[in-house]
Every structure is written in structure tokens, then in C-alpha cells.
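Visitor: This is the content of my_file_26.cif (mmCIF, C-alpha atoms):
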data_work
#
loop_
_atom_site.label_atom_id
_atom_site.label_comp_id
_atom_site.auth_asym_id
_atom_site.auth_seq_id
_atom_site.Cartn_x
_atom_site.Cartn_y
_atom_site.Cartn_z
CA VAL A 1 -95.87 -153.17 -126.02
CA GLU A 2 -95.53 -153.65 -129.75
CA ALA A 3 -92.65 -152.04 -131.58
CA GLN A 4 -93.44 -149.50 -134.25
CA THR A 5 -91.36 -149.12 -137.36
CA MET A 6 -91.63 -146.19 -139.71
CA LEU A 7 -91.56 -147.32 -143.33
CA ASN A 8 -89.44 -144.63 -145.00
CA SER A 9 -90.48 -145.58 -148.53
CA TYR A 10 -94.08 -144.63 -147.61
CA SER A 11 -93.24 -141.48 -145.64
CA LEU A 12 -93.15 -137.88 -146.74
CA SER A 13 -91.46 -135.03 -144.92
CA LYS A 14 -89.87 -131.71 -145.76
CA PRO A 15 -88.06 -131.09 -147.98
CA PHE A 16 -90.56 -132.92 -150.14
CA ILE A 17 -88.68 -132.68 -153.42
CA GLY A 18 -85.32 -134.26 -153.98
CA ALA A 19 -82.79 -134.45 -156.79
CA ASN A 20 -84.09 -134.10 -160.35
CA LEU A 21 -87.40 -132.66 -159.04
CA GLU A 22 -88.45 -136.10 -157.78
CA ILE A 23 -89.88 -137.37 -154.53
CA PRO A 24 -88.11 -140.62 -153.64
CA HIS A 25 -90.56 -143.56 -153.91
CA TRP A 26 -93.45 -141.35 -155.12
CA ASP A 27 -94.93 -140.15 -158.42
CA TYR A 28 -96.96 -136.97 -158.77
CA ILE A 29 -99.25 -136.59 -161.76
CA GLY A 30 -101.87 -134.32 -163.26
CA SER A 31 -102.16 -130.87 -161.66
CA ALA A 32 -100.08 -131.85 -158.62
CA VAL A 33 -97.22 -129.53 -157.71
CA VAL A 34 -94.42 -130.36 -155.33
CA SER A 35 -91.96 -127.93 -153.77
CA SER A 36 -89.52 -128.28 -150.92
CA ASP A 37 -92.19 -126.90 -148.53
CA TYR A 38 -95.50 -128.40 -149.69
CA VAL A 39 -97.39 -130.83 -151.92
CA ARG A 40 -100.44 -129.36 -153.68
CA LEU A 41 -102.67 -131.87 -155.43
CA THR A 42 -104.66 -129.24 -157.35
CA PRO A 43 -104.93 -125.48 -157.60
CA ASP A 44 -108.16 -123.84 -156.42
CA ARG A 45 -109.75 -124.10 -159.88
CA GLN A 46 -112.57 -126.15 -161.41
CA SER A 47 -112.01 -129.51 -163.09
CA LYS A 48 -108.43 -130.05 -161.92
CA LYS A 49 -107.09 -133.49 -161.03
CA GLY A 50 -103.82 -134.26 -159.36
CA ALA A 51 -102.39 -137.16 -157.43
CA LEU A 52 -99.47 -138.39 -155.40
CA TRP A 53 -98.93 -142.17 -155.60
CA SER A 54 -96.42 -144.43 -153.91
CA ARG A 55 -94.26 -146.40 -156.34
CA VAL A 56 -93.70 -149.09 -153.73
CA PRO A 57 -96.46 -151.70 -153.25
CA LEU A 58 -97.13 -152.61 -149.62
CA SER A 59 -95.51 -155.96 -148.95
CA ALA A 60 -97.83 -158.86 -148.12
CA ASP A 61 -95.87 -159.52 -144.91
CA VAL A 62 -96.91 -156.09 -143.54
CA GLN A 63 -100.19 -156.99 -141.89
CA ASP A 64 -100.84 -154.41 -139.17
CA TRP A 65 -100.21 -150.85 -140.23
CA GLU A 66 -101.53 -147.36 -139.67
CA ILE A 67 -101.34 -144.14 -141.57
CA ILE A 68 -100.89 -140.69 -140.10
CA VAL A 69 -101.78 -137.82 -142.42
CA ASP A 70 -101.32 -134.12 -141.80
CA PHE A 71 -103.08 -132.01 -144.43
CA HIS A 72 -104.51 -128.57 -145.01
CA VAL A 73 -107.38 -127.82 -147.41
CA HIS A 74 -107.61 -124.19 -148.41
CA GLY A 75 -108.46 -121.87 -151.26
CA GLN A 76 -110.00 -118.56 -152.13
CA GLY A 77 -113.55 -119.42 -151.05
CA SER A 78 -114.89 -118.91 -147.56
CA LYS A 79 -116.08 -122.43 -146.72
CA VAL A 80 -115.30 -125.27 -149.14
CA PHE A 81 -112.63 -125.65 -151.78
CA GLY A 82 -112.59 -127.85 -154.86
CA ASP A 83 -114.48 -131.14 -154.76
CA GLY A 84 -112.28 -133.04 -152.32
CA PHE A 85 -109.50 -135.60 -152.26
CA ALA A 86 -108.98 -139.23 -151.33
CA LEU A 87 -106.55 -141.62 -149.72
CA TRP A 88 -106.28 -144.83 -151.72
CA TYR A 89 -105.22 -148.37 -150.85
CA VAL A 90 -105.83 -150.04 -154.19
CA GLU A 91 -104.58 -152.77 -156.45
CA GLU A 92 -103.85 -150.46 -159.40
CA ALA A 93 -102.36 -147.10 -158.51
CA GLY A 94 -101.35 -144.09 -160.53
CA ARG A 95 -104.31 -143.68 -162.88
CA LEU A 96 -106.05 -140.32 -163.06
CA GLY A 97 -109.82 -140.55 -163.20
CA PRO A 98 -113.19 -139.14 -162.13
CA VAL A 99 -113.29 -140.35 -158.50
CA PHE A 100 -111.39 -137.77 -156.47
CA GLY A 101 -108.57 -137.86 -158.98
CA SER A 102 -108.40 -141.63 -159.48
CA LYS A 103 -110.08 -144.23 -161.65
CA ASP A 104 -113.56 -145.58 -161.04
CA ASN A 105 -114.25 -149.31 -160.57
CA PHE A 106 -111.11 -149.62 -158.46
CA ARG A 107 -110.20 -152.70 -156.42
CA GLY A 108 -109.43 -151.76 -152.83
CA LEU A 109 -110.24 -149.03 -150.34
CA GLY A 110 -110.92 -145.36 -150.98
CA VAL A 111 -111.28 -142.87 -148.12
CA PHE A 112 -112.95 -139.75 -149.52
CA PHE A 113 -112.65 -136.25 -148.09
CA ASP A 114 -115.57 -134.61 -149.87
CA THR A 115 -115.76 -130.83 -149.71
CA TYR A 116 -118.66 -130.17 -152.07
CA PRO A 117 -122.29 -131.43 -151.98
CA ASN A 118 -123.00 -132.73 -155.48
CA PHE A 119 -126.42 -134.13 -154.53
CA ASN A 120 -129.07 -131.55 -155.46
CA ASP A 121 -131.68 -132.80 -152.98
CA VAL A 122 -131.63 -132.79 -149.17
CA HIS A 123 -128.47 -134.34 -147.71
CA ASN A 124 -128.45 -136.45 -144.59
CA HIS A 125 -125.06 -134.95 -143.78
CA ASP A 126 -123.13 -131.69 -143.96
CA HIS A 127 -119.91 -131.05 -145.82
CA PRO A 128 -117.01 -131.44 -145.51
CA TYR A 129 -117.73 -135.14 -145.31
CA VAL A 130 -115.48 -138.18 -144.94
CA SER A 131 -116.58 -141.58 -146.22
CA ALA A 132 -114.98 -144.91 -147.07
CA MET A 133 -115.74 -147.30 -149.90
CA VAL A 134 -114.45 -150.84 -150.39
CA ASN A 135 -114.71 -151.93 -154.00
CA ASP A 136 -114.19 -155.24 -155.78
CA GLY A 137 -113.72 -153.47 -159.11
CA TYR A 138 -117.36 -153.77 -160.18
CA MET A 139 -119.04 -150.92 -158.29
CA THR A 140 -119.14 -147.41 -159.64
CA TYR A 141 -118.77 -144.38 -157.38
CA ASP A 142 -121.96 -142.30 -157.63
CA HIS A 143 -120.99 -138.62 -157.59
CA ASP A 144 -124.62 -137.51 -157.77
CA SER A 145 -125.29 -139.05 -154.34
CA ASP A 146 -121.81 -138.19 -152.98
CA GLY A 147 -121.11 -141.92 -152.77
CA THR A 148 -123.67 -142.53 -150.01
CA HIS A 149 -125.03 -145.70 -151.68
CA SER A 150 -121.69 -147.50 -151.64
CA GLN A 151 -120.00 -146.21 -148.50
CA VAL A 152 -119.11 -148.51 -145.60
CA ALA A 153 -118.51 -145.71 -143.08
CA ASP A 154 -118.93 -141.94 -142.91
CA CYS A 155 -118.73 -138.86 -140.73
CA VAL A 156 -118.86 -135.09 -140.98
CA SER A 157 -115.47 -133.50 -140.31
CA TYR A 158 -114.66 -129.82 -140.64
CA PHE A 159 -111.16 -130.41 -141.84
#
Here is the file; what I need is its structure written in the form of C-alpha cells.

Guide:
Amino acid sequence: VEAQTMLNSYSLSKPFIGANLEIPHWDYIGSAVVSSDYVRLTPDRQSKKGALWSRVPLSADVQDWEIIVDFHVHGQGSKVFGDGFALWYVEEAGRLGPVFGSKDNFRGLGVFFDTYPNFNDVHNHDHPYVSAMVNDGYMTYDHDSDGTHSQVADCVSYF
């Protein structure tokens, strides 16, 4: 049985906000709002971008790791809200941009939780939709196809 160690500098738990309206080890930018009870990346409005980024790079000696995420997507609509969000494991963090709140042409892994079908033709999947993209910094995420041309894995998930 392998031992598990929780890395506190990468963990979030209530109360989320600490002294001086900061979250230890994390930056929140754009439309993101943090309170003692919740973290909201964006309000339920068009064209909003927000992010929560760790300030602490993952050490090279940490080789086997897992992430556990508990989230709730909600808004005033009846089915989907906003355009989605992503979990990022990238070389350059903390830059707002057009790909689920982060920059395009990233180097690393993006896991996309897509809530809105941007593709105007027939989809081969429903939404909400989860996909993953590994990028070497040269590929561009294609919003018009919901990233289907560059994804390495996908599934429909009614999160």
C-alpha cells in the first residue's frame, strides 16, 4: 500500500480566503471572486473570464499525483451556464486568455469542461462535454469545433 500525502500548498478548503483577502499559495484574477464559503470563477454573464492559479510550481520530484476536484456549475439558465472552465497543468500559468480563461498556444495539459456547443453544425457529442488537450505550444484551440480536432480524450458528463 502506497502512502498518500496531501500537498497543502495545492489544496483549497473553507474558509477559502485568508488574511488580506488572499488565498495562501493561490492567485485569483479577472472576474474571479473568492469568499470564505466559495470560489466563483465568473458570474453568469457573457464574455467574463476568471481564473484561480497556484503560485507554487509542482516540484519535479513529485512524479505520481492525483487531483480531486469538487465543483458546482450553476446559473440562471435551465441547462447550461457560461461557456465552461478548465483545469490546467501548464508551463506558464496565470495568463488570462481566450481558451476557457487562459492563453492559447499553451505548453502542457488542459482539461476542458465545456458547457456550450459553439459548433454550428451537427455535433458528435452532447454538452456538457469534457475533453483533454496536450499542447506543445504550437497548436491553437479551435473554439468553432469545440476543440474536437486537437483533443486526446473526451466524454459527455452532466456535471

Visitor: Which residues would end up in the selection if the PyMOL selection byres ((chain A and resi 105) around 6) were applied here, given that I need the answer as a PyMOL selection string?

Guide: chain A and resi 104+106+137-140

Visitor: Name the residues in contact with Tyr38 (chain A) at a cut-off of 8 Å, using all atoms listed in the file, excluding same-chain residues fewer than 4 positions from it; report them as number ranges by chain.

Guide: A: 14, 16, 34

Visitor: Could you please determine the separation between CA of Leu12 (chain A) and CA of Ser131 (chain A) in Å, to one decimal place?

Guide: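 Between CA of Leu12 (chain A) and CA of Ser131 (chain A) the gap is 23.7 Å.
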
Visitor: Any chance you could resolve the PyMOL selection byres ((chain A and resi 130) around 12) against this file and give the residues as a ChimeraX atom specification?

Guide: /A:84-87,110-117,125-129,131-133,146-148,151-159

Visitor: CA of Leu7 (chain A) to CA of Gly97 (chain A): how many Å, to one decimal?

Guide: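 Distance reported for this atom pair: 27.8 Å.
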
Visitor: For Gly82 (chain A), which residue out of A:Ser102, A:Asn118, A:Ser54, A:Asn124 is the nearest one, using only C-alpha atoms?

Guide: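 The answer is A:Asn118, which sits nearest to Gly82 (chain A).
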
Visitor: For Asn135 (chain A), which residue among A:Gly108, A:Gly75, A:Pro98, A:Gly18 is the nearest when counting only C-alpha atoms?

Guide: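 That would be A:Gly108, the residue with the smallest distance to Asn135 (chain A).
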
Visitor: Run the PyMOL selection byres ((chain A and resi 27) around 6) on the file and write out the hits as a list in words.

Guide: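 On the file shown, the PyMOL selection byres ((chain A and resi 27) around 6) covers Trp26, Tyr28, Leu52 and Trp53 of chain A.
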
Visitor: Counting only C-alpha atoms, which of A:Glu91, A:Asp83, A:Glu22, A:Asp142 gets nearest to Val39 (chain A)?

Guide: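 The answer is A:Glu22, which sits nearest to Val39 (chain A).
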
Visitor: Just to confirm, what's the straight-line distance from CA of Ile23 (chain A) to CA of Thr5 (chain A) in Å (one decimal)?

Guide: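 About the pair CA of Ile23 (chain A) and CA of Thr5 (chain A): they are 20.9 Å apart.
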
Visitor: Which is closer to Met6 (chain A) than all the others in A:Pro24, A:Glu66, A:Leu96, A:Asp136, using only C-alpha atoms?

Guide: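 Using only C-alpha atoms, Met6 (chain A) sits closest to A:Glu66.
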
Visitor: Smallest atom-to-atom distance to Arg95 (chain A): which of A:Ser35, A:Asn8, A:Ser13, A:Lys49, using only C-alpha atoms?

Guide: A:Lys49

Visitor: Which one is closest to Ile68 (chain A): A:Glu92, A:Val99, A:Val56, A:Ser11? Count all atoms listed in the file.

Guide: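 That would be A:Ser11, the residue with the smallest distance to Ile68 (chain A).
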
Visitor: Is there a way to get, as an MDAnalysis selection string, all residues within 12 Å of the point (-99.2, -153.6, -142.5) in file coordinates, counting all atoms listed in the file?

Guide: chainID A and resid 4:7 10 57:67 89
